[in-house]
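Chemist: What follows is a single structure, and I will ask about it in a moment.
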Amino acid sequence: RNTKVSIVTCRDYAPAGVRAAFDRSFDQLGGLGPLLKDKTVTVKINLTGSNFKAVLDRPVGETYMTHPVTVMAMTAAFFGAGARRVRLVESTNLRQPLAATLVAAGFDLPALRALGPVEFEDTRNLGASRTYAHLKVPTGGHLFEHFELNHSYVDTDVFVSLCKLKTHGTTGITLTMKNLFGITPNALYGDEAPSEDGVKGRGRM
């Protein structure tokens with residue numbers, strides 16, 4: 001199967017430049033309309049915990065966390081392509097709604113909501129659902145034959161892993177697949193599991 005890849009230059013996080021870079025990239029891929037029109041899009045962001053203090057005098061969005069401007073530009077592009085709804089998700093280590101965590105991280109929620117129907121769900125536990133989604137590993141798996149995940153990863157038409165390109169002590173580098181480690185609920189796979197109130201990390205996993 002042939003996979004299309006688009007790489008464009010974007011030298012800083014100026015909102016207009018980031019949006020233009022996304023538009024160029026999506027145009028090179030043939031446009032988003034056929035994929036997103038009238039669809040629900042779920043975007044897994046990469047917050048990496050809940051400490052949003054600057055690192056080496058640089059904002060966390062410029063160092064190790066998904067930048068709010070990136071999320072804004074991508075969400076605008078999705079609605080511009082006809083998406084019906086965009087849901088931002090992340091499994092955090094906080095007992096509060098994801099919206100509150102995003103505000104602490106510097107996200108402009110009113111501006112995001114002004115783009116269209118935007119939802120926020122912390123997927124560390126059941127969230128808005130009464131049951132977990134049961135997803136089998138197609139190959140049977142090496143360690144897990146299935147995963148139990150928050151409903152957001154199934155109740156969607158399109159899934160996007162919006163990672164932060166960075167180095168990582170265990171895997172060497174973080175890209176879109178490494179970002180998916182964070183879809184596993186702390187309540188089931190964390191060090192306090194099983195507990196719907198669990199917030200500790202997934203070190204044992």
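Just so we're on the same page: first chain in the structure tokens is A, next is B, and so on; residues restart at 1 for each chain, and ligands are numbered from 1 in the order they show up.
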From a backbone DSSP assignment, name each residue in segment 4-73 of chain A labelled strand (DSSP E or B), as a ChimeraX atom specification.
Modeler: /A:40-44,55,58
Chemist: Could those residues be written to a file, using C-alpha atoms, as a PDB file, in the first residue's frame?
Modeler:
ATOM      1  CA  THR A  40     -16.221  13.433  13.693  1.00  0.00           C
ATOM      2  CA  VAL A  41     -12.454  13.888  14.096  1.00  0.00           C
ATOM      3  CA  THR A  42     -10.689  12.820  17.288  1.00  0.00           C
ATOM      4  CA  VAL A  43      -7.267  14.369  17.913  1.00  0.00           C
ATOM      5  CA  LYS A  44      -4.885  12.832  20.471  1.00  0.00           C
ATOM      6  CA  VAL A  55      11.944  24.598  30.093  1.00  0.00           C
ATOM      7  CA  ARG A  58      11.171  28.296  26.498  1.00  0.00           C
TER       8      ARG A  58
END
Chemist: With only C-alpha atoms as the counted atoms, please give the residues lying no more than 12 Å from segment 95-102 of chain A, apart from itself and same-chain residues fewer than 4 positions off, as number ranges by chain.
Modeler: A: 44-52, 61, 65-68, 71, 87-91, 106-110, 112-113, 118-125, 127-128, 186-187, 196-200
Chemist: Neighbouring residues of Thr174 of chain A were defined as those with any atom within 10 Å, considering only C-alpha atoms; residues of the same chain fewer than 4 positions away were excluded. Please report them as a list in words.
Modeler: Asn46, Tyr64, Cys163, Lys164, Leu165, Lys166, Thr167, His168, Gly169, Thr170, Lys178, Asn179 and Leu180 of chain A
Chemist: Mind dumping the selected residues with N, CA, C and O atoms as a JSON list (two decimals), in the first residue's frame?
Modeler:
[["chain", "number", "residue", "atom", "x", "y", "z"],
["A", 46, "ASN", "N", -0.48, 15.72, 22.85],
["A", 46, "ASN", "CA", 0.63, 15.22, 23.65],
["A", 46, "ASN", "C", 1.01, 16.25, 24.71],
["A", 46, "ASN", "O", 1.78, 17.16, 24.45],
["A", 64, "TYR", "N", 8.42, 20.38, 24.56],
["A", 64, "TYR", "CA", 8.05, 18.96, 24.61],
["A", 64, "TYR", "C", 6.55, 18.68, 24.56],
["A", 64, "TYR", "O", 6.14, 17.53, 24.59],
["A", 163, "CYS", "N", 1.35, 14.61, 17.54],
["A", 163, "CYS", "CA", 2.44, 14.44, 18.49],
["A", 163, "CYS", "C", 3.36, 15.66, 18.51],
["A", 163, "CYS", "O", 3.20, 16.60, 17.74],
["A", 164, "LYS", "N", 4.31, 15.60, 19.42],
["A", 164, "LYS", "CA", 5.39, 16.57, 19.47],
["A", 164, "LYS", "C", 6.67, 15.83, 19.11],
["A", 164, "LYS", "O", 7.06, 14.87, 19.79],
["A", 165, "LEU", "N", 7.33, 16.23, 18.05],
["A", 165, "LEU", "CA", 8.59, 15.60, 17.66],
["A", 165, "LEU", "C", 9.67, 15.95, 18.69],
["A", 165, "LEU", "O", 10.00, 17.12, 18.88],
["A", 166, "LYS", "N", 10.19, 14.92, 19.37],
["A", 166, "LYS", "CA", 11.15, 15.16, 20.45],
["A", 166, "LYS", "C", 11.91, 13.88, 20.75],
["A", 166, "LYS", "O", 11.53, 12.79, 20.32],
["A", 167, "THR", "N", 12.98, 14.02, 21.50],
["A", 167, "THR", "CA", 13.73, 12.84, 21.93],
["A", 167, "THR", "C", 13.01, 12.20, 23.11],
["A", 167, "THR", "O", 12.19, 12.83, 23.78],
["A", 168, "HIS", "N", 13.33, 10.91, 23.36],
["A", 168, "HIS", "CA", 12.67, 10.19, 24.45],
["A", 168, "HIS", "C", 13.67, 9.21, 25.07],
["A", 168, "HIS", "O", 14.39, 8.51, 24.35],
["A", 169, "GLY", "N", 13.68, 9.16, 26.40],
["A", 169, "GLY", "CA", 14.67, 8.35, 27.11],
["A", 169, "GLY", "C", 14.55, 6.86, 26.85],
["A", 169, "GLY", "O", 15.55, 6.15, 26.89],
["A", 170, "THR", "N", 13.34, 6.36, 26.58],
["A", 170, "THR", "CA", 13.14, 4.93, 26.38],
["A", 170, "THR", "C", 13.12, 4.56, 24.90],
["A", 170, "THR", "O", 13.79, 3.62, 24.48],
["A", 178, "LYS", "N", 4.48, 6.65, 19.17],
["A", 178, "LYS", "CA", 4.83, 6.79, 20.59],
["A", 178, "LYS", "C", 3.75, 7.58, 21.31],
["A", 178, "LYS", "O", 3.42, 7.30, 22.47],
["A", 179, "ASN", "N", 3.16, 8.57, 20.67],
["A", 179, "ASN", "CA", 2.08, 9.36, 21.27],
["A", 179, "ASN", "C", 0.90, 8.48, 21.65],
["A", 179, "ASN", "O", 0.17, 8.78, 22.58],
["A", 180, "LEU", "N", 0.70, 7.37, 20.96],
["A", 180, "LEU", "CA", -0.44, 6.50, 21.22],
["A", 180, "LEU", "C", -0.27, 5.68, 22.49],
["A", 180, "LEU", "O", -1.24, 5.08, 22.97]]
Chemist: Could you please determine the separation between atom CA of Leu36 of chain A and atom CA of Ala81 of chain A in Å, to one decimal place?
Modeler: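 Computing the Euclidean distance for atom CA of Leu36 of chain A and atom CA of Ala81 of chain A yields 6.4 Å.
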Chemist: Write out as a PDB file with N, CA, C and O atoms, in the first residue's frame the residues lying within 9 Å of Ser25 of chain A, counting only C-alpha atoms and excluding same-chain residues fewer than 5 positions away.
Modeler:
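As a result, out13.pdb now contains:
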ATOM      1  N   VAL A   5       3.141  11.168   2.068  1.00  0.00           N
ATOM      2  CA  VAL A   5       3.756  11.944   3.141  1.00  0.00           C
ATOM      3  C   VAL A   5       4.034  13.344   2.633  1.00  0.00           C
ATOM      4  O   VAL A   5       4.518  13.519   1.513  1.00  0.00           O
ATOM      5  N   SER A   6       3.702  14.338   3.441  1.00  0.00           N
ATOM      6  CA  SER A   6       3.977  15.726   3.070  1.00  0.00           C
ATOM      7  C   SER A   6       4.837  16.375   4.153  1.00  0.00           C
ATOM      8  O   SER A   6       4.547  16.245   5.340  1.00  0.00           O
ATOM      9  N   ILE A   7       5.903  17.045   3.744  1.00  0.00           N
ATOM     10  CA  ILE A   7       6.781  17.763   4.669  1.00  0.00           C
ATOM     11  C   ILE A   7       6.914  19.198   4.183  1.00  0.00           C
ATOM     12  O   ILE A   7       7.255  19.434   3.021  1.00  0.00           O
ATOM     13  N   VAL A   8       6.617  20.156   5.069  1.00  0.00           N
ATOM     14  CA  VAL A   8       6.730  21.565   4.713  1.00  0.00           C
ATOM     15  C   VAL A   8       7.523  22.288   5.797  1.00  0.00           C
ATOM     16  O   VAL A   8       7.666  21.808   6.917  1.00  0.00           O
ATOM     17  N   ALA A  20      -0.769  28.370   7.494  1.00  0.00           N
ATOM     18  CA  ALA A  20      -0.351  28.294   6.092  1.00  0.00           C
ATOM     19  C   ALA A  20       0.435  27.009   5.823  1.00  0.00           C
ATOM     20  O   ALA A  20       0.281  26.383   4.767  1.00  0.00           O
ATOM     21  N   GLY A  31      -5.862  17.339  -0.327  1.00  0.00           N
ATOM     22  CA  GLY A  31      -6.977  17.990   0.359  1.00  0.00           C
ATOM     23  C   GLY A  31      -7.628  17.085   1.399  1.00  0.00           C
ATOM     24  O   GLY A  31      -7.533  15.861   1.343  1.00  0.00           O
TER      25      GLY A  31
END
